[in-house]
4 protein chains.
Amino acid sequence: MNDLGSQPLNGKPAARVLVAGASGFTGALAAQIVWRHPRLQLAAVTSRSDAGTRLDSLYPRYRVPLQLTELDLDRVEGIDAAIVAYPHGAAAPTVAALRAQGILVVDLSADFRLREMDTYERWYGEHGAPELFGTGVYGLTEMYRDELREAKLVATPGCYPTASVLALAPLAEKGLIADVVVNAMQGTSGYGRSSDDLVHFSAMTENAFPYKTEGHRHRPEIEQELAALGSAAPVTFVPHLLSLDQGELASCFAQTTEPIGKDAVQALYRERYAGEPFVKVLDGPPNLRAVRDTNECHVYVTVAEHGRVLAFAAIDNIWKGASSQGVQNLNVMLGLDETEGLL
Amino acid sequence: MNDLGSQPLNGKPAARVLVAGASGFTGALAAQIVWRHPRLQLAAVTSRSDAGTRLDSLYPRYRVPLQLTELDLDRVEGIDAAIVAYPHGAAAPTVAALRAQGILVVDLSADFRLREMDTYERWYGEHGAPELFGTGVYGLTEMYRDELREAKLVATPGCYPTASVLALAPLAEKGLIADVVVNAMQGTSGYGRSSDDLVHFSAMTENAFPYKTEGHRHRPEIEQELAALGSAAPVTFVPHLLSLDQGELASCFAQTTEPIGKDAVQALYRERYAGEPFVKVLDGPPNLRAVRDTNECHVYVTVAEHGRVLAFAAIDNIWKGASSQGVQNLNVMLGLDETEGLL
Amino acid sequence: MNDLGSQPLNGKPAARVLVAGASGFTGALAAQIVWRHPRLQLAAVTSRSDAGTRLDSLYPRYRVPLQLTELDLDRVEGIDAAIVAYPHGAAAPTVAALRAQGILVVDLSADFRLREMDTYERWYGEHGAPELFGTGVYGLTEMYRDELREAKLVATPGCYPTASVLALAPLAEKGLIADVVVNAMQGTSGYGRSSDDLVHFSAMTENAFPYKTEGHRHRPEIEQELAALGSAAPVTFVPHLLSLDQGELASCFAQTTEPIGKDAVQALYRERYAGEPFVKVLDGPPNLRAVRDTNECHVYVTVAEHGRVLAFAAIDNIWKGASSQGVQNLNVMLGLDETEGLL
Amino acid sequence: MNDLGSQPLNGKPAARVLVAGASGFTGALAAQIVWRHPRLQLAAVTSRSDAGTRLDSLYPRYRVPLQLTELDLDRVEGIDAAIVAYPHGAAAPTVAALRAQGILVVDLSADFRLREMDTYERWYGEHGAPELFGTGVYGLTEMYRDELREAKLVATPGCYPTASVLALAPLAEKGLIADVVVNAMQGTSGYGRSSDDLVHFSAMTENAFPYKTEGHRHRPEIEQELAALGSAAPVTFVPHLLSLDQGELASCFAQTTEPIGKDAVQALYRERYAGEPFVKVLDGPPNLRAVRDTNECHVYVTVAEHGRVLAFAAIDNIWKGASSQGVQNLNVMLGLDETEGLL
């Protein structure tokens with residue numbers, strides 16, 4: 001691997017990190033977060049489509065002065081960890097090749113999130129590295145911190161599952177969810193960099209709409225995780241696209257297996273998230289601006305007129321919903337302070 | 001009443017119309033729609049706060065060259081009909097005074113929407129004209145067209161009930177709704193003209209959030225209307241504010257009293273709305289830009305993985321959700337073509 | 001030509017109109033305006049890229065229920081007039097073919113706007129129909145109304161020249177402009193439908209920037225027209241892209257050949273535009289929302305501290321800056337009321 | 001002074017800082033920047049209008065957990081420095097009182113920016129502490145760094161002068177500016193927190209307009225500073241409001257006292273700003289997103305067709321245009337690294 005750049009470090013870095021797929025929205029942000037991280041060294045940024053371009057010319061709002069190169073899997077010596085920001089389906093073979101060389105991998109794609117191959121194939125098609133399927137740790141840090149400490153391969157959750165599961169986890173862990181509707185919304189950064197008519201500014205400004213109403217692949221991921229926490233409940237899930245860039249809100253409407261009052265459910269949430277550095281339980285509804293450009297998740301829970309529990313979670317979809325959560329996981333994997341580089 | 005203005009008319013106008021409260025968002029739009037209406041004459045526009053100002057100076061994007069005056073209830077001779085765009089609670093006394101002089105009234109406030117005084121008082125406080133309570137026709141044109149033909153006082157529905165009930169009516173009429181979650185969103189015009197920190201552009205851009213999570217007064221109105229149509233079902237309702245001006249989306253998640261398939265429910269909706277000039281049943285999810293500045297409601301219905309019916313309705317919250325629906329009702333009351341001035 | 005659609009007309013239409021290139025932003029809008037026009041019949045909408053798609057499916061916010069077809073120049077019998085919305089350079093051959101069949105042409109491209117072939121070739125490359133070069137009438141209706149009555153081929157001005165020349169014409173006609181800086185801004189609809197990184201909502205929201213700072217092809221067009229009106233003055237021109245969809249502002253800073261006071265220049269403007277149906281001289285600065293979705297141009301003129309004349313013009317860049325101005329011209333060419341279908 | 005809060009510090013803070021007027025946009029941001037600053041301690045945040053409220057409840061997107069109190073000038077012992085974010089005119093008396101107690105003051109208002117009392121009175125009215133007038137150092141750090149090292153009272157420049165003077169300084173210092181037009185634009189945060197019709201999201205979205213066309217008080221400030229640098233040239237200045245929150249662009253069109261070519265002027269700029277940590281000379285036009293939430297100023301210079309120099313500067317109007325520039329100045333006053341807390 002060429003010496004593609006370096007940054008001033010306080011002593012020895014904890015790890016030299018490669019970001020693969022750094023020309024997309026989440027890869028570029030991951031590179032920026034690693035670049036500013038006091039204990040990580042951004043060793044290389046790679047991209048097939050934009051090799052030869054400097055990352056800070058492609059994304060002037062970030063500040064990474066490295067040139068994008070094509071990933072050469074034969075020349076990754078010296079790399080300790082990789083954040084892979086490839087499209088779903090395309091990530092698995094690269095993840096496998098990196099793992100084969102002993103590199104820690106934080107994968108931002110869906111390729112290692114699901115536990116059932118059938119489900120994976122239904123929503124994503126053939127898997128690119130079936131021998132590794134099921135070997136990753138699901139990187140919702142707040143739920144799997146212990147496993148993450150030993151993990152070599154981490155599947156960072158989808159943005160919608162991140163918000164939805166954090167909104168519902170305290171209920172799920174108590175087995176309290178009988179049925180839940182998740183109405184989710186996010187900004188256009190969630191749509192990715194691939195430009196088309198739909199996310200042209202002229203089409204999107206002053207607009208909002210539901211999409212994937214016939215089925216979205218994050219629904220089975222949410223069901224899987226709620227079940228793993230203790231509530232194997234049916235999830236009805238509809239995402240919406242909003243006229244904003246970064247931000248995601250999950251508004252959840254849960255029927256409970258037994259009645260629970262507002263005070264009790266609010267106490268449950270406060271207790272569950274008491275020690276969490278990035279989850280804040282609010283006294284009222286969250287808003288997207290308050291979490292923008294942060295790794296935070298803001299949660300509010302209450303009970304509606306006819307007894308449904310209303311649980312809301314706001315995150316920045318490309319931070320906590322992708323890139324910064326990836327770095328949060330990497331911190332845990334490397335034994336660093338979980339908040340390092342993220343405050 | 002002074003001769004406050006006139007417009008070129010094709011022969012005799014069907015009615016001379018007063019818009020009271022024309023300095024607010026919905027009143028100003030009602031004035032604009034009446035001004036361009038080929039069969040109505042905009043006789044006067046009144047406002048307490050902005051009397052003396054020309055309406056096209058207050059709202060340059062509209063084109064009404066009339067001066068706002070203070071409403072003088074002793075001088076309304078010659079007025080045939082009034083659109084009252086006052087705040088909830090403040091409308092009732094003025095409505096009563098106008099009715100006492102035989103003037104047809106389309107009220108845009110909530111003062112005559114509810115059927116139970118208890119419910120009204122719980123959400124809005126003391127009523128300003130209890131003798132008239134219960135005498136208005138609920139102005140969701142598509143549901144009460146026959147009653148509207150004879151009506152003297154029409155209560156135009158709230159914006160959220162308009163979208164929600166149009167989204168759910170075909171199910172409700174068949175008694176099919178067992179339970180429903182309504183996740184609604186609208187732009188800042190729904191917040192009204194009263195400026196505060198919350199709707200400052202700097203606060204609202206790139207933002208979105210739920211509000212009134214502990215209870216919104218449109219919930220009982222939606223329940224009332226679904227029950228009137230045939231489904232006395234519990235409604236869980238949460239509104240959200242979006243970073244856009246005009247537009248409202250109701251995303252409804254209904255559990256049905258008996259299973260219904262996608263084809264059947266889509267056929268039901270197409271049939272129910274077949275003759276409606278302003279309700280379009282789409283083949284996919286609606287979007288807000290497509291209904292902006294129109295009296296249209298775009299509806300889509302489908303069935304989700306675990307059997308919930310998903311019903312979506314998109315309207316412009318100050319058009320079909322308020323002012324243009326008011327004119328639609330006035331057209332019916334006056335025996336005009338329902339679409340006149342609204343295409 | 002197939003019978004591609006028809007609309008209810010009051011008696012015989014004044015003309016059957018083809019819109020060629022109707023899948024782009026300005027072509028689609030031109031189709032929508034013709035569709036709603038009481039005296040024109042929209043006979044066909046054509047597109048190479050989107051043939052087979054219905055226009056109201058491509059642009060749900062418009063209401064044209066016709067299917068896009070590929071333009072077949074051998075089958076345009078029955079067409080009286082065409083609005084050509086092709087890219088610069090590509091329009092000329094089609095314009096020539098349509099003219100050869102006697103069809104009136106309103107061209108929205110730059111191919112017939114310039115008077116000097118040298119200038120055309122410098123900015124646009126080789127011309128596609130040099131035999132027709134110089135035969136078109138420049139379609140800034142307010143300046144060339146008489147010539148337009150007899151015109152067979154009209155070159156609709158660029159959006160920036162429309163705003164800039166309307167902002168400066170009263171000065172230019174009196175030979176008063178010695179030198180002028182035009183700082184122009186427009187929304188992303190001016191960028192066209194071709195999606196790329198730059199106009200992705202995520203890139204454009206909360207953004208603004210100058211572009212084409214090394215030279216924009218609308219500068220020579222503005223200079224040409226100011227000279228034609230009476231002021232052969234150097235023009236410094238810089239355009240900016242704004243985080244909005246439709247709207248364009250030209251802020252012009254003119255040094256005059258002789259001093260002129262605020263009262264005098266304001267009187268000059270009011271007098272010049274007194275009879276114009278679509279140009280409004282305001283008493284203060286214009287804003288973009290007030291002209292959105294209209295054929296209007298709002299102008300304000302004043303004098304700054306050190307004597308420069310400040311002249312501002314606001315238009316909707318795809319309406320008065322393109323499609324509706326094209327229809328305004330067509331109205332004049334056909335002898336119709338100039339405002340028909342545009343109020 | 002109550003002990004209103006403290007933050008973890010690496011050893012002894014360089015200074016204990018009061019932010020007065022912390023409930024407005026620039027005051028709140030100044031508090032946030034001081035809060036995160038590794039060498040400053042945010043000792044107190046004060047506000048007349050919002051005393052009793054926690055700052056992070058008023059501005060959830062910031063993270064300052066301190067309660068706003070009323071400023072009590074009798075109890076400021078222990079405060080080393082104050083950032084005063086009061087309205088123009090109101091700042092001077094408080095600044096005087098703080099200075100009388102030996103406290104270093106960074107004033108964000110206009111009260112100490114101008115050098116001529118006549119000019120001050122013309123644009124701002126009577127001065128609130130005439131005895132201090134003229135004693136402040138003008139806090140455009142890049143121009144007055146040496147004076148700032150000894151300063152006790154610093155007048156942070158207006159946002160428009162910051163961008164305009166940084167765009168033009170290399171020319172001005174060489175006496176090259178004969179005349180300049182500054183076309184400036186900024187987002188709604190520059191309008192301040194005071195809500196009114198104009199900055200309601202519903203009015204501002206999809207809008208843009210010039211304002212203060214008859215004279216803006218930042219024009220004399222820009223003229224003063226260009227003259228101080230070496231070019232006593234007339235400035236024509238027009239500001240515009242854009243549909244975005246944070247960001248400001250100055251597009252400057254300068255006639256030079258002698259001709260200068262593109263290469264020469266670009267070399268001049270690169271050389272002048274070579275050592276500046278916060279000014280970046282770009283190879284093409286700047287954009288607002290790239291400087292958002294930073295203390296950076298991005299500059300681009302080129303030469304237009306007829307010889308005018310085009311100079312562009314982009315800043316974040318409440319960062320480099322106000323609050324972060326205030327902290328940059330404070331760093332210099334305290335002998336800290338100028339970039340501390342600002343990267």
# chains A, B, ... in the order shown; residues from 1 in each chain; ligands from 1

call {"tool": "interface_residues", "arguments": {"of": "chain C", "to": "chain D", "cutoff": "6 Å", "atoms": "only C-alpha atoms", "output": "ChimeraX atom specification"}}
result
/C:206-209,244,287-289

call {"tool": "residues_around", "arguments": {"residues": "region 336-340 of chain D", "least_positions_apart": "3", "cutoff": "12 Å", "atoms": "only C-alpha atoms", "output": "NGL selection string"}}
result
:D and (13-15 or 33-34 or 36-40 or 141-142 or 145 or 148-149 or 276-279 or 294-296 or 324-333 or 343)

call {"tool": "write_last_selection", "arguments": {"atoms": "N, CA and C atoms", "output": "CSV table (one decimal), in the first residue's frame"}}
result
chain,number,residue,atom,x,y,z
D,13,PRO,N,-7.7,27.0,33.2
D,13,PRO,CA,-8.1,27.6,32.0
D,13,PRO,C,-7.3,28.9,31.8
D,14,ALA,N,-7.2,29.3,30.5
D,14,ALA,CA,-6.6,30.5,30.2
D,14,ALA,C,-7.4,31.7,30.6
D,15,ALA,N,-8.7,31.5,30.6
D,15,ALA,CA,-9.6,32.6,31.0
D,15,ALA,C,-11.0,32.0,31.4
D,33,ILE,N,-19.2,27.7,21.4
D,33,ILE,CA,-17.7,27.6,21.0
D,33,ILE,C,-16.9,27.7,22.3
D,34,VAL,N,-17.2,28.6,23.2
D,34,VAL,CA,-16.4,28.7,24.4
D,34,VAL,C,-16.5,27.4,25.2
D,36,ARG,N,-16.9,24.4,24.3
D,36,ARG,CA,-16.1,23.3,23.8
D,36,ARG,C,-14.6,23.6,23.7
D,37,HIS,N,-14.2,24.9,24.0
D,37,HIS,CA,-12.9,25.4,23.9
D,37,HIS,C,-12.0,24.7,24.9
D,38,PRO,N,-10.8,24.1,24.6
D,38,PRO,CA,-10.0,23.4,25.6
D,38,PRO,C,-9.4,24.3,26.6
D,39,ARG,N,-9.2,25.6,26.3
D,39,ARG,CA,-8.5,26.5,27.2
D,39,ARG,C,-9.4,27.6,27.9
D,40,LEU,N,-10.6,27.7,27.5
D,40,LEU,CA,-11.5,28.7,28.1
D,40,LEU,C,-12.5,28.0,28.9
D,141,THR,N,-9.3,39.6,12.3
D,141,THR,CA,-8.0,39.1,12.8
D,141,THR,C,-6.9,39.1,11.7
D,142,GLU,N,-7.2,38.8,10.5
D,142,GLU,CA,-6.2,38.6,9.5
D,142,GLU,C,-5.6,40.0,9.2
D,145,ARG,N,-3.9,41.6,13.4
D,145,ARG,CA,-3.4,40.6,14.4
D,145,ARG,C,-2.5,41.3,15.5
D,148,LEU,N,-4.3,43.3,17.9
D,148,LEU,CA,-5.2,42.5,18.8
D,148,LEU,C,-4.5,41.9,20.0
D,149,ARG,N,-3.1,41.7,19.8
D,149,ARG,CA,-2.4,41.1,20.9
D,149,ARG,C,-2.4,41.9,22.2
D,276,GLU,N,-2.3,32.2,6.4
D,276,GLU,CA,-3.5,32.4,7.2
D,276,GLU,C,-4.2,31.0,7.5
D,277,PRO,N,-4.4,30.7,8.8
D,277,PRO,CA,-5.0,29.4,9.1
D,277,PRO,C,-6.4,29.3,8.6
D,278,PHE,N,-7.2,30.4,8.5
D,278,PHE,CA,-8.6,30.3,8.3
D,278,PHE,C,-9.0,30.8,6.9
D,279,VAL,N,-8.1,31.4,6.1
D,279,VAL,CA,-8.5,31.9,4.8
D,279,VAL,C,-7.9,30.9,3.8
D,294,THR,N,-17.9,26.5,10.4
D,294,THR,CA,-16.5,26.7,10.5
D,294,THR,C,-16.1,28.2,10.6
D,295,ASN,N,-14.9,28.4,11.0
D,295,ASN,CA,-14.3,29.8,11.1
D,295,ASN,C,-13.6,30.1,9.7
D,296,GLU,N,-13.8,29.3,8.7
D,296,GLU,CA,-13.0,29.5,7.5
D,296,GLU,C,-13.7,30.6,6.6
D,324,SER,N,-17.4,32.9,16.0
D,324,SER,CA,-16.1,32.2,16.0
D,324,SER,C,-15.0,33.2,15.7
D,325,GLN,N,-15.3,34.2,15.0
D,325,GLN,CA,-14.3,35.3,14.8
D,325,GLN,C,-14.0,36.0,16.1
D,326,GLY,N,-15.1,36.1,16.9
D,326,GLY,CA,-14.9,36.7,18.3
D,326,GLY,C,-14.0,35.9,19.1
D,327,VAL,N,-14.1,34.6,19.0
D,327,VAL,CA,-13.2,33.7,19.8
D,327,VAL,C,-11.8,33.7,19.2
D,328,GLN,N,-11.7,33.8,17.9
D,328,GLN,CA,-10.4,33.9,17.2
D,328,GLN,C,-9.7,35.1,17.8
D,329,ASN,N,-10.4,36.2,17.9
D,329,ASN,CA,-9.8,37.4,18.5
D,329,ASN,C,-9.4,37.2,19.9
D,330,LEU,N,-10.3,36.6,20.7
D,330,LEU,CA,-10.0,36.3,22.1
D,330,LEU,C,-8.8,35.5,22.2
D,331,ASN,N,-8.6,34.4,21.4
D,331,ASN,CA,-7.4,33.6,21.4
D,331,ASN,C,-6.2,34.5,21.3
D,332,VAL,N,-6.2,35.4,20.3
D,332,VAL,CA,-5.1,36.3,20.1
D,332,VAL,C,-4.8,37.2,21.3
D,333,MET,N,-5.9,37.8,21.8
D,333,MET,CA,-5.8,38.7,23.0
D,333,MET,C,-5.2,38.0,24.2
D,343,LEU,N,-11.0,24.5,15.3
D,343,LEU,CA,-10.7,23.5,14.2
D,343,LEU,C,-11.7,22.3,14.3

call {"tool": "select_by_dssp", "arguments": {"residues": "region 173-230 of chain B", "states": "strand (DSSP E)", "output": "list in words"}}
result
Ile177, Ala178, Asp179, Val180, Val181, Val182, Asn183, Ala184, Met185, Gln186, Ala208, Phe209 and Pro210 of chain B

call {"tool": "write_last_selection", "arguments": {"atoms": "N, CA, C and O atoms", "output": "CSV table (one decimal), in the first residue's frame"}}
result
chain,number,residue,atom,x,y,z
B,177,ILE,N,-62.8,-1.0,9.6
B,177,ILE,CA,-61.7,-0.6,10.5
B,177,ILE,C,-61.8,-1.0,11.9
B,177,ILE,O,-62.8,-0.7,12.6
B,178,ALA,N,-60.9,-1.8,12.4
B,178,ALA,CA,-60.9,-2.3,13.8
B,178,ALA,C,-60.1,-1.3,14.7
B,178,ALA,O,-60.4,-1.1,15.8
B,179,ASP,N,-59.1,-0.8,14.1
B,179,ASP,CA,-58.1,0.1,14.9
B,179,ASP,C,-57.2,0.7,13.8
B,179,ASP,O,-56.9,0.1,12.8
B,180,VAL,N,-56.9,2.0,14.1
B,180,VAL,CA,-56.0,2.7,13.1
B,180,VAL,C,-55.0,3.6,13.7
B,180,VAL,O,-55.3,4.3,14.7
B,181,VAL,N,-53.8,3.6,13.2
B,181,VAL,CA,-52.8,4.5,13.6
B,181,VAL,C,-52.7,5.5,12.4
B,181,VAL,O,-52.5,5.1,11.2
B,182,VAL,N,-52.8,6.8,12.7
B,182,VAL,CA,-52.6,7.8,11.7
B,182,VAL,C,-51.3,8.6,12.0
B,182,VAL,O,-51.2,9.3,13.1
B,183,ASN,N,-50.3,8.4,11.2
B,183,ASN,CA,-49.1,9.2,11.3
B,183,ASN,C,-49.2,10.3,10.3
B,183,ASN,O,-49.1,10.1,9.1
B,184,ALA,N,-49.3,11.6,10.7
B,184,ALA,CA,-49.6,12.7,9.8
B,184,ALA,C,-48.4,13.7,9.9
B,184,ALA,O,-47.7,13.8,10.8
B,185,MET,N,-48.2,14.3,8.7
B,185,MET,CA,-47.1,15.3,8.6
B,185,MET,C,-47.6,16.5,7.8
B,185,MET,O,-48.3,16.3,6.8
B,186,GLN,N,-47.2,17.7,8.2
B,186,GLN,CA,-47.6,18.8,7.4
B,186,GLN,C,-46.5,19.9,7.4
B,186,GLN,O,-45.6,19.9,8.3
B,208,ALA,N,-37.4,18.3,11.2
B,208,ALA,CA,-38.7,17.6,11.2
B,208,ALA,C,-38.9,17.1,12.6
B,208,ALA,O,-37.9,16.7,13.3
B,209,PHE,N,-40.1,17.1,13.1
B,209,PHE,CA,-40.3,16.5,14.5
B,209,PHE,C,-41.8,16.3,14.7
B,209,PHE,O,-42.7,16.9,14.1
B,210,PRO,N,-42.1,15.3,15.6
B,210,PRO,CA,-43.5,15.1,16.0
B,210,PRO,C,-43.8,16.2,17.0
B,210,PRO,O,-43.0,16.8,17.6

call {"tool": "closest_residue", "arguments": {"among": "D:Pro259, D:Gly321, D:Pro130, D:Gly78", "to": "Ala92 (chain D)", "atoms": "only C-alpha atoms"}}
result
D:Pro130

call {"tool": "select_by_dssp", "arguments": {"residues": "region 184-267 of chain B", "states": "alpha helix (DSSP H)", "output": "MDAnalysis selection string"}}
result
chainID B and resid 201:204 218:229 262:267

call {"tool": "write_last_selection", "arguments": {"atoms": "C-alpha atoms", "output": "compact mmCIF listing (two decimals), in the first residue's frame"}}
result
# COMPACT_ATOMS: atom_id res chain seq x y z
CA PHE B 201 -36.55 29.56 8.83
CA SER B 202 -33.30 29.04 10.75
CA ALA B 203 -35.00 26.63 13.14
CA MET B 204 -37.13 24.76 10.65
CA HIS B 218 -57.90 16.56 15.52
CA ARG B 219 -57.91 13.01 16.90
CA PRO B 220 -61.49 13.13 18.28
CA GLU B 221 -62.63 14.77 15.05
CA ILE B 222 -61.18 11.89 13.03
CA GLU B 223 -62.76 9.33 15.36
CA GLN B 224 -66.10 11.11 15.12
CA GLU B 225 -66.08 11.04 11.35
CA LEU B 226 -64.92 7.44 10.97
CA ALA B 227 -67.67 6.42 13.36
CA ALA B 228 -70.23 8.45 11.41
CA LEU B 229 -69.17 6.62 8.27
CA LYS B 262 -54.52 -5.87 -1.86
CA ASP B 263 -56.57 -6.27 -5.02
CA ALA B 264 -59.85 -6.10 -3.14
CA VAL B 265 -58.96 -3.01 -1.17
CA GLN B 266 -57.60 -1.24 -4.24
CA ALA B 267 -60.80 -2.05 -6.14

call {"tool": "residues_around", "arguments": {"residues": "Trp123 (chain D)", "least_positions_apart": "2", "cutoff": "6 Å", "atoms": "only C-alpha atoms", "output": "NGL selection string"}}
result
:D and (120-121 or 217)

call {"tool": "closest_residue", "arguments": {"among": "C:Ala167, C:Ala232, C:Leu114, C:Leu342", "to": "Tyr273 (chain C)", "atoms": "only C-alpha atoms"}}
result
C:Ala167

call {"tool": "residues_around", "arguments": {"residues": "Asp56 (chain A)", "least_positions_apart": "3", "cutoff": "10 Å", "atoms": "only C-alpha atoms", "output": "PyMOL selection string"}}
result
(chain A and resi 28+32+53+59-68) or (chain D and resi 290)

call {"tool": "atom_distance", "arguments": {"atom1": "CA of Arg75 (chain D)", "atom2": "CA of Ala91 (chain D)"}}
result
18.2 Å

call {"tool": "atom_distance", "arguments": {"atom1": "CA of Ala155 (chain D)", "atom2": "CA of Gly27 (chain D)"}}
result
14.6 Å

call {"tool": "closest_residue", "arguments": {"among": "A:Leu171, A:Val17, A:Ala44, A:Val154", "to": "Ala81 (chain A)", "atoms": "only C-alpha atoms"}}
result
A:Val17

call {"tool": "decode", "arguments": {"residues": "region 138-149 of chain C", "atoms": "N, CA, C and O atoms", "output": "tab-separated table (two decimals), in the first residue's frame"}}
result
chain	number	residue	atom	x	y	z
C	138	TYR	N	-36.26	37.94	-31.99
C	138	TYR	CA	-35.89	37.75	-30.59
C	138	TYR	C	-37.13	37.94	-29.73
C	138	TYR	O	-37.73	39.02	-29.69
C	139	GLY	N	-37.50	36.88	-29.05
C	139	GLY	CA	-38.81	36.86	-28.41
C	139	GLY	C	-38.90	37.45	-27.02
C	139	GLY	O	-39.54	36.87	-26.15
C	140	LEU	N	-38.28	38.59	-26.81
C	140	LEU	CA	-38.56	39.32	-25.57
C	140	LEU	C	-39.77	40.19	-25.90
C	140	LEU	O	-39.64	41.29	-26.45
C	141	THR	N	-40.93	39.65	-25.59
C	141	THR	CA	-42.18	40.21	-26.11
C	141	THR	C	-42.28	41.72	-25.90
C	141	THR	O	-42.70	42.45	-26.81
C	142	GLU	N	-41.91	42.17	-24.75
C	142	GLU	CA	-42.08	43.59	-24.40
C	142	GLU	C	-41.23	44.50	-25.31
C	142	GLU	O	-41.49	45.71	-25.39
C	143	MET	N	-40.21	43.96	-25.94
C	143	MET	CA	-39.31	44.78	-26.75
C	143	MET	C	-39.58	44.62	-28.25
C	143	MET	O	-39.29	45.50	-29.03
C	144	TYR	N	-40.12	43.47	-28.66
C	144	TYR	CA	-40.24	43.17	-30.09
C	144	TYR	C	-41.65	42.77	-30.50
C	144	TYR	O	-41.83	41.95	-31.40
C	145	ARG	N	-42.62	43.35	-29.83
C	145	ARG	CA	-44.01	42.95	-30.06
C	145	ARG	C	-44.42	43.09	-31.53
C	145	ARG	O	-45.08	42.21	-32.09
C	146	ASP	N	-44.04	44.17	-32.15
C	146	ASP	CA	-44.47	44.40	-33.54
C	146	ASP	C	-43.88	43.36	-34.49
C	146	ASP	O	-44.59	42.79	-35.32
C	147	GLU	N	-42.60	43.10	-34.34
C	147	GLU	CA	-41.96	42.10	-35.20
C	147	GLU	C	-42.56	40.71	-34.96
C	147	GLU	O	-42.64	39.89	-35.88
C	148	LEU	N	-42.95	40.46	-33.72
C	148	LEU	CA	-43.47	39.13	-33.39
C	148	LEU	C	-44.79	38.84	-34.10
C	148	LEU	O	-45.10	37.68	-34.39
C	149	ARG	N	-45.55	39.89	-34.37
C	149	ARG	CA	-46.86	39.68	-35.03
C	149	ARG	C	-46.69	39.00	-36.39
C	149	ARG	O	-47.57	38.28	-36.84
